[in-house]
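Inspection log for the structure reproduced underneath, given as structure tokens.
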Amino acid sequence: MIAKPAVIRRREVFLPPSRRIVHPVRCNMPGTRGVRPTKNVVPQTLSFGPGSYSFTWPEFNQIVFDLSAAGGGGGGAVTQDYQGHSFPGTDGNQGGNSYIDLSGFTLMATGGGGGGANNYSGGTQGVHGTGLNGDSNITAGGAPGGVGGSPQFFQGGYGGYGGRVIRTVLDGAIGSRLFGQVSTVVVGYGGSGGQNGGIFGSAGAGSAGWATITIS
């Protein structure tokens with residue numbers, strides 16, 4: 001007669017409560033995958049007048065660029081002497097652009113156009129500038145244009161307003177890591193006014209542009 005194989009019974013082991021291992025429940029918060037931790041950044045605002053500057057990218061959570069271009073110069077106007085001779089005026093000059101290079105593309109506000117001269121035909125308003133590549137591109141949102149010349153009986157056209165552009169950049173949103181890189185910031189000068197006829201000087205110049213960079 002063949003003996004039956006032995007049956008090994010599994011012994012149940014019960015640990016006291018103090019020795020039990022409790023695994024915490026994993027909780028995946030919605031919308032947090034890939035979110036960067038917030039950096040401890042001291043908020044600051046940099047302001048720029050007309051000119052060219054180097055901007056070194058700091059550590060940041062977000063940066064708001066706000067650039068305003070310069071206004072165009074006013075147009076000159078014709079004058080006459082006592083013998084009825086005419087001396088024509090000239091057009092105003094365009095205001096300077098304001099811009100910054102952001103890791104491969106340019107954020108720009110364009111300057112206002114110069115006012116047209118009034119040579120008996122009426123002065124014309126200069127074209128207003130606008131913004132390019134911003135979250136907000138504002139036509140005529142920048143610096144005002146110059147006043148048209150009016151030396152005698154006629155007045156030249158006013159210069160156009162500069163444009164304005166605003167863009168918010170979040171950490172990691174543009175290309176590779178930006179910390180330590182250097183960008184050039186340019187803020188435009190106001191356009192010079194056109195010449196009035198004769199010896200009566202010139203029309204008003206446009207106002208200079210400005211820019212702010214807010215870091216947080």
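Please note that chains go A, B, ... in the order of the structure tokens, that every chain numbers its residues from 1, and that ligands are numbered from 1 in the order shown.
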
Using only C-alpha atoms, what does the table of stretch 74-170 of chain A residues within 9 Å of stretch 198-211 of chain A look like, with each row giving the shortest atom pair and its distance in Å to one decimal, sorted by chain and ascending number, as a tab-separated table?
```
residue	atom	partner	partner_atom	distance
A:Gly74	CA	A:Ala203	CA	5.3
A:Gly75	CA	A:Ala203	CA	5.9
A:Gly76	CA	A:Ala203	CA	5.3
A:Ala77	CA	A:Ala203	CA	8.1
A:Val78	CA	A:Gly198	CA	8.1
A:Thr79	CA	A:Gly198	CA	6.4
A:Gln80	CA	A:Gly198	CA	7.9
A:Asp81	CA	A:Gly198	CA	8.5
A:Ser86	CA	A:Gly198	CA	8.4
A:Phe87	CA	A:Gly198	CA	5.5
A:Pro88	CA	A:Gly198	CA	7.7
A:Gly89	CA	A:Gly198	CA	8.3
A:Thr90	CA	A:Ser202	CA	8.9
A:Gly92	CA	A:Ala203	CA	7.6
A:Asn93	CA	A:Ala205	CA	8.4
A:Gln94	CA	A:Gly206	CA	8.4
A:Gly95	CA	A:Gly206	CA	6.6
A:Gly96	CA	A:Gly209	CA	7.6
A:Asn97	CA	A:Gly209	CA	8.0
A:Ser98	CA	A:Gly209	CA	6.9
A:Tyr99	CA	A:Ala211	CA	8.9
A:Gly111	CA	A:Gly209	CA	8.4
A:Gly112	CA	A:Gly206	CA	8.3
A:Gly114	CA	A:Gly206	CA	8.5
A:Gly142	CA	A:Gly209	CA	6.9
A:Ala143	CA	A:Ser207	CA	5.5
A:Pro144	CA	A:Ser207	CA	5.7
A:Gly145	CA	A:Gly206	CA	4.2
A:Gly146	CA	A:Gly206	CA	4.1
A:Val147	CA	A:Gly204	CA	4.8
A:Gly148	CA	A:Ala203	CA	5.2
A:Gly149	CA	A:Ala203	CA	4.1
A:Ser150	CA	A:Ala203	CA	7.6
A:Pro151	CA	A:Phe200	CA	6.1
A:Gln152	CA	A:Phe200	CA	8.9
A:Gly156	CA	A:Ala203	CA	7.7
A:Tyr158	CA	A:Gly204	CA	8.4
A:Gly159	CA	A:Gly206	CA	6.6
A:Gly160	CA	A:Gly206	CA	8.2
A:Tyr161	CA	A:Gly206	CA	8.2
A:Gly162	CA	A:Gly209	CA	7.6
```

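Between atom CA of A:Asp101 and atom CA of A:Ser52 there is a distance of 12.3 Å.
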
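As for atom CA of A:Ile166 and atom CA of A:Gly115, they are spaced 26.1 Å apart.
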
Shell of 9 Å around A:Glu59, only C-alpha atoms, local chain residues under 4 positions omitted, as an mmCIF file with N, CA and C atoms, in the first residue's frame:
```cif
data_model
loop_
_atom_site.group_PDB
_atom_site.id
_atom_site.type_symbol
_atom_site.label_atom_id
_atom_site.label_comp_id
_atom_site.auth_asym_id
_atom_site.auth_seq_id
_atom_site.Cartn_x
_atom_site.Cartn_y
_atom_site.Cartn_z
ATOM 1 N N LYS A 39 10.134 78.691 -7.685
ATOM 2 C CA LYS A 39 11.419 79.134 -7.165
ATOM 3 C C LYS A 39 11.217 80.305 -6.209
ATOM 4 N N ASN A 40 12.122 80.420 -5.281
ATOM 5 C CA ASN A 40 12.083 81.527 -4.329
ATOM 6 C C ASN A 40 12.803 82.718 -4.952
ATOM 7 N N VAL A 41 12.067 83.536 -5.692
ATOM 8 C CA VAL A 41 12.635 84.657 -6.441
ATOM 9 C C VAL A 41 12.202 85.972 -5.799
ATOM 10 N N ASP A 171 8.884 80.179 -16.827
ATOM 11 C CA ASP A 171 10.115 79.391 -16.762
ATOM 12 C C ASP A 171 9.954 78.087 -17.542
ATOM 13 N N LEU A 178 17.175 79.312 -19.810
ATOM 14 C CA LEU A 178 17.577 80.678 -20.164
ATOM 15 C C LEU A 178 18.468 81.336 -19.120
ATOM 16 N N PHE A 179 18.543 80.765 -17.915
ATOM 17 C CA PHE A 179 19.324 81.379 -16.853
ATOM 18 C C PHE A 179 20.772 81.605 -17.304
ATOM 19 N N GLY A 180 21.248 82.849 -17.152
ATOM 20 C CA GLY A 180 22.612 83.191 -17.512
ATOM 21 C C GLY A 180 22.801 83.665 -18.935
ATOM 22 N N ILE A 215 10.055 90.855 -13.032
ATOM 23 C CA ILE A 215 10.533 89.505 -12.723
ATOM 24 C C ILE A 215 9.885 89.030 -11.424
ATOM 25 N N SER A 216 9.343 87.835 -11.454
ATOM 26 C CA SER A 216 8.768 87.263 -10.236
ATOM 27 C C SER A 216 8.934 85.753 -10.245
#
```

Where in stretch 42-121 of chain A does DSSP assign strand (DSSP E), given as a PyMOL selection string? chain A and resi 44-48+51-56+62-68+79-80+86-87+98-102+105-109

Expected file: the selected residues, N, CA, C and O atoms, as a compact mmCIF listing (two decimals), in the first residue's frame:
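Wrote selection_6.txt, looks like this:
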```txt
# COMPACT_ATOMS: atom_id res chain seq x y z
N GLN A 44 11.20 91.93 -8.79
CA GLN A 44 11.80 93.22 -9.13
C GLN A 44 11.31 93.68 -10.49
O GLN A 44 10.89 92.88 -11.32
N THR A 45 11.37 94.99 -10.70
CA THR A 45 10.99 95.59 -11.98
C THR A 45 12.14 96.44 -12.50
O THR A 45 12.63 97.33 -11.79
N LEU A 46 12.57 96.17 -13.72
CA LEU A 46 13.63 96.94 -14.37
C LEU A 46 12.99 97.90 -15.36
O LEU A 46 12.11 97.51 -16.14
N SER A 47 13.45 99.15 -15.38
CA SER A 47 12.91 100.16 -16.29
C SER A 47 14.02 100.68 -17.21
O SER A 47 15.16 100.86 -16.77
N PHE A 48 13.66 100.94 -18.47
CA PHE A 48 14.64 101.35 -19.47
C PHE A 48 14.12 102.56 -20.24
O PHE A 48 12.96 102.57 -20.67
N GLY A 51 17.79 103.75 -25.69
CA GLY A 51 19.17 103.28 -25.74
C GLY A 51 19.23 101.78 -25.96
O GLY A 51 18.21 101.13 -26.24
N SER A 52 20.43 101.21 -25.80
CA SER A 52 20.66 99.77 -25.99
C SER A 52 21.26 99.20 -24.71
O SER A 52 22.19 99.77 -24.14
N TYR A 53 20.75 98.02 -24.29
CA TYR A 53 21.15 97.44 -23.01
C TYR A 53 21.33 95.93 -23.16
O TYR A 53 20.76 95.31 -24.04
N SER A 54 22.13 95.37 -22.23
CA SER A 54 22.27 93.91 -22.13
C SER A 54 21.47 93.43 -20.94
O SER A 54 21.62 93.96 -19.84
N PHE A 55 20.64 92.41 -21.17
CA PHE A 55 19.81 91.84 -20.11
C PHE A 55 20.24 90.40 -19.88
O PHE A 55 20.14 89.56 -20.77
N THR A 56 20.77 90.13 -18.68
CA THR A 56 21.16 88.77 -18.31
C THR A 56 19.99 88.09 -17.62
O THR A 56 19.47 88.58 -16.61
N GLN A 62 8.23 83.73 -13.62
CA GLN A 62 7.70 84.35 -14.84
C GLN A 62 8.31 85.74 -14.99
O GLN A 62 8.71 86.39 -14.02
N ILE A 63 8.39 86.18 -16.25
CA ILE A 63 8.87 87.52 -16.57
C ILE A 63 7.86 88.15 -17.52
O ILE A 63 7.43 87.52 -18.49
N VAL A 64 7.50 89.41 -17.24
CA VAL A 64 6.60 90.16 -18.12
C VAL A 64 7.41 91.26 -18.81
O VAL A 64 7.97 92.14 -18.15
N PHE A 65 7.46 91.18 -20.14
CA PHE A 65 8.11 92.20 -20.95
C PHE A 65 7.05 93.17 -21.45
O PHE A 65 6.04 92.75 -22.01
N ASP A 66 7.30 94.46 -21.27
CA ASP A 66 6.36 95.51 -21.70
C ASP A 66 7.17 96.58 -22.42
O ASP A 66 7.90 97.35 -21.79
N LEU A 67 7.07 96.60 -23.75
CA LEU A 67 7.88 97.50 -24.57
C LEU A 67 7.00 98.50 -25.32
O LEU A 67 6.01 98.11 -25.94
N SER A 68 7.37 99.77 -25.24
CA SER A 68 6.67 100.82 -25.98
C SER A 68 7.65 101.51 -26.92
O SER A 68 8.75 101.88 -26.51
N THR A 79 6.08 128.09 -45.64
CA THR A 79 6.05 129.51 -45.22
C THR A 79 6.14 130.39 -46.46
O THR A 79 6.53 129.95 -47.54
N GLN A 80 5.81 131.66 -46.27
CA GLN A 80 5.88 132.64 -47.37
C GLN A 80 6.57 133.90 -46.87
O GLN A 80 6.43 134.27 -45.69
N SER A 86 7.32 131.05 -51.73
CA SER A 86 7.03 129.91 -50.85
C SER A 86 8.29 129.13 -50.51
O SER A 86 9.18 128.93 -51.35
N PHE A 87 8.33 128.66 -49.24
CA PHE A 87 9.44 127.84 -48.77
C PHE A 87 8.82 126.57 -48.15
O PHE A 87 8.21 126.64 -47.09
N SER A 98 11.25 99.56 -30.42
CA SER A 98 11.72 98.99 -29.16
C SER A 98 11.58 97.48 -29.27
O SER A 98 10.54 96.98 -29.70
N TYR A 99 12.64 96.72 -28.89
CA TYR A 99 12.58 95.28 -29.09
C TYR A 99 13.56 94.54 -28.17
O TYR A 99 14.48 95.12 -27.59
N ILE A 100 13.34 93.22 -28.05
CA ILE A 100 14.25 92.32 -27.35
C ILE A 100 14.21 90.98 -28.06
O ILE A 100 13.16 90.53 -28.53
N ASP A 101 15.40 90.34 -28.14
CA ASP A 101 15.48 89.01 -28.73
C ASP A 101 15.21 87.96 -27.65
O ASP A 101 15.93 87.92 -26.65
N LEU A 102 14.18 87.12 -27.84
CA LEU A 102 13.81 86.11 -26.86
C LEU A 102 14.14 84.72 -27.39
O LEU A 102 13.30 84.04 -27.97
N PHE A 105 13.35 84.40 -31.33
CA PHE A 105 12.41 85.27 -32.02
C PHE A 105 12.42 86.64 -31.34
O PHE A 105 12.84 86.78 -30.20
N THR A 106 11.97 87.64 -32.08
CA THR A 106 12.07 89.01 -31.61
C THR A 106 10.72 89.54 -31.17
O THR A 106 9.74 89.45 -31.90
N LEU A 107 10.68 90.08 -29.96
CA LEU A 107 9.50 90.76 -29.43
C LEU A 107 9.69 92.24 -29.72
O LEU A 107 10.67 92.84 -29.29
N MET A 108 8.78 92.86 -30.50
CA MET A 108 9.02 94.21 -31.01
C MET A 108 7.78 95.08 -30.97
O MET A 108 6.66 94.62 -31.23
N ALA A 109 8.02 96.37 -30.65
CA ALA A 109 7.03 97.42 -30.84
C ALA A 109 7.59 98.38 -31.89
O ALA A 109 8.75 98.81 -31.78
```

Set the distance at 6 Å and use only C-alpha atoms: which residues neighbour A:Gly123 once local chain neighbours fewer than 5 positions away are removed? I'd like the list as a list in words. Gly116, Ala117, Asn118, Gly156 and Gly157 of chain A

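Of the listed residues (A:Gly190, A:Gly134, A:Gly141, A:Gly129), A:Gly129 comes nearest to A:Thr110; the distances count only C-alpha atoms.
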
Quick one: residues within 7 Å of A:Thr139, only C-alpha atoms, excluding same-chain residues fewer than 3 positions away - as a tab-separated table (two decimals) with N, CA and C atoms, in the first residue's frame?
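Once everything was written out, this is out-v6.tsv:
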```tsv
chain	number	residue	atom	x	y	z
A	128	HIS	N	0.43	105.02	-37.12
A	128	HIS	CA	0.73	104.55	-35.77
A	128	HIS	C	1.48	103.22	-35.81
A	129	GLY	N	2.40	103.04	-34.85
A	129	GLY	CA	3.11	101.78	-34.72
A	129	GLY	C	2.26	100.73	-34.04
A	130	THR	N	2.76	99.48	-34.03
A	130	THR	CA	2.02	98.37	-33.42
A	130	THR	C	2.99	97.44	-32.72
A	131	GLY	N	2.49	96.30	-32.24
A	131	GLY	CA	3.33	95.31	-31.59
A	131	GLY	C	3.41	94.03	-32.41
A	163	GLY	N	3.97	101.93	-31.20
A	163	GLY	CA	3.23	100.74	-30.79
A	163	GLY	C	3.68	100.24	-29.43
A	164	ARG	N	2.98	99.23	-28.95
A	164	ARG	CA	3.31	98.63	-27.65
A	164	ARG	C	3.09	97.13	-27.74
```

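Closest to A:Ser183 among A:Ser103, A:Asn119, A:Phe60, A:Gly73 is A:Ser103, based on only C-alpha atoms.
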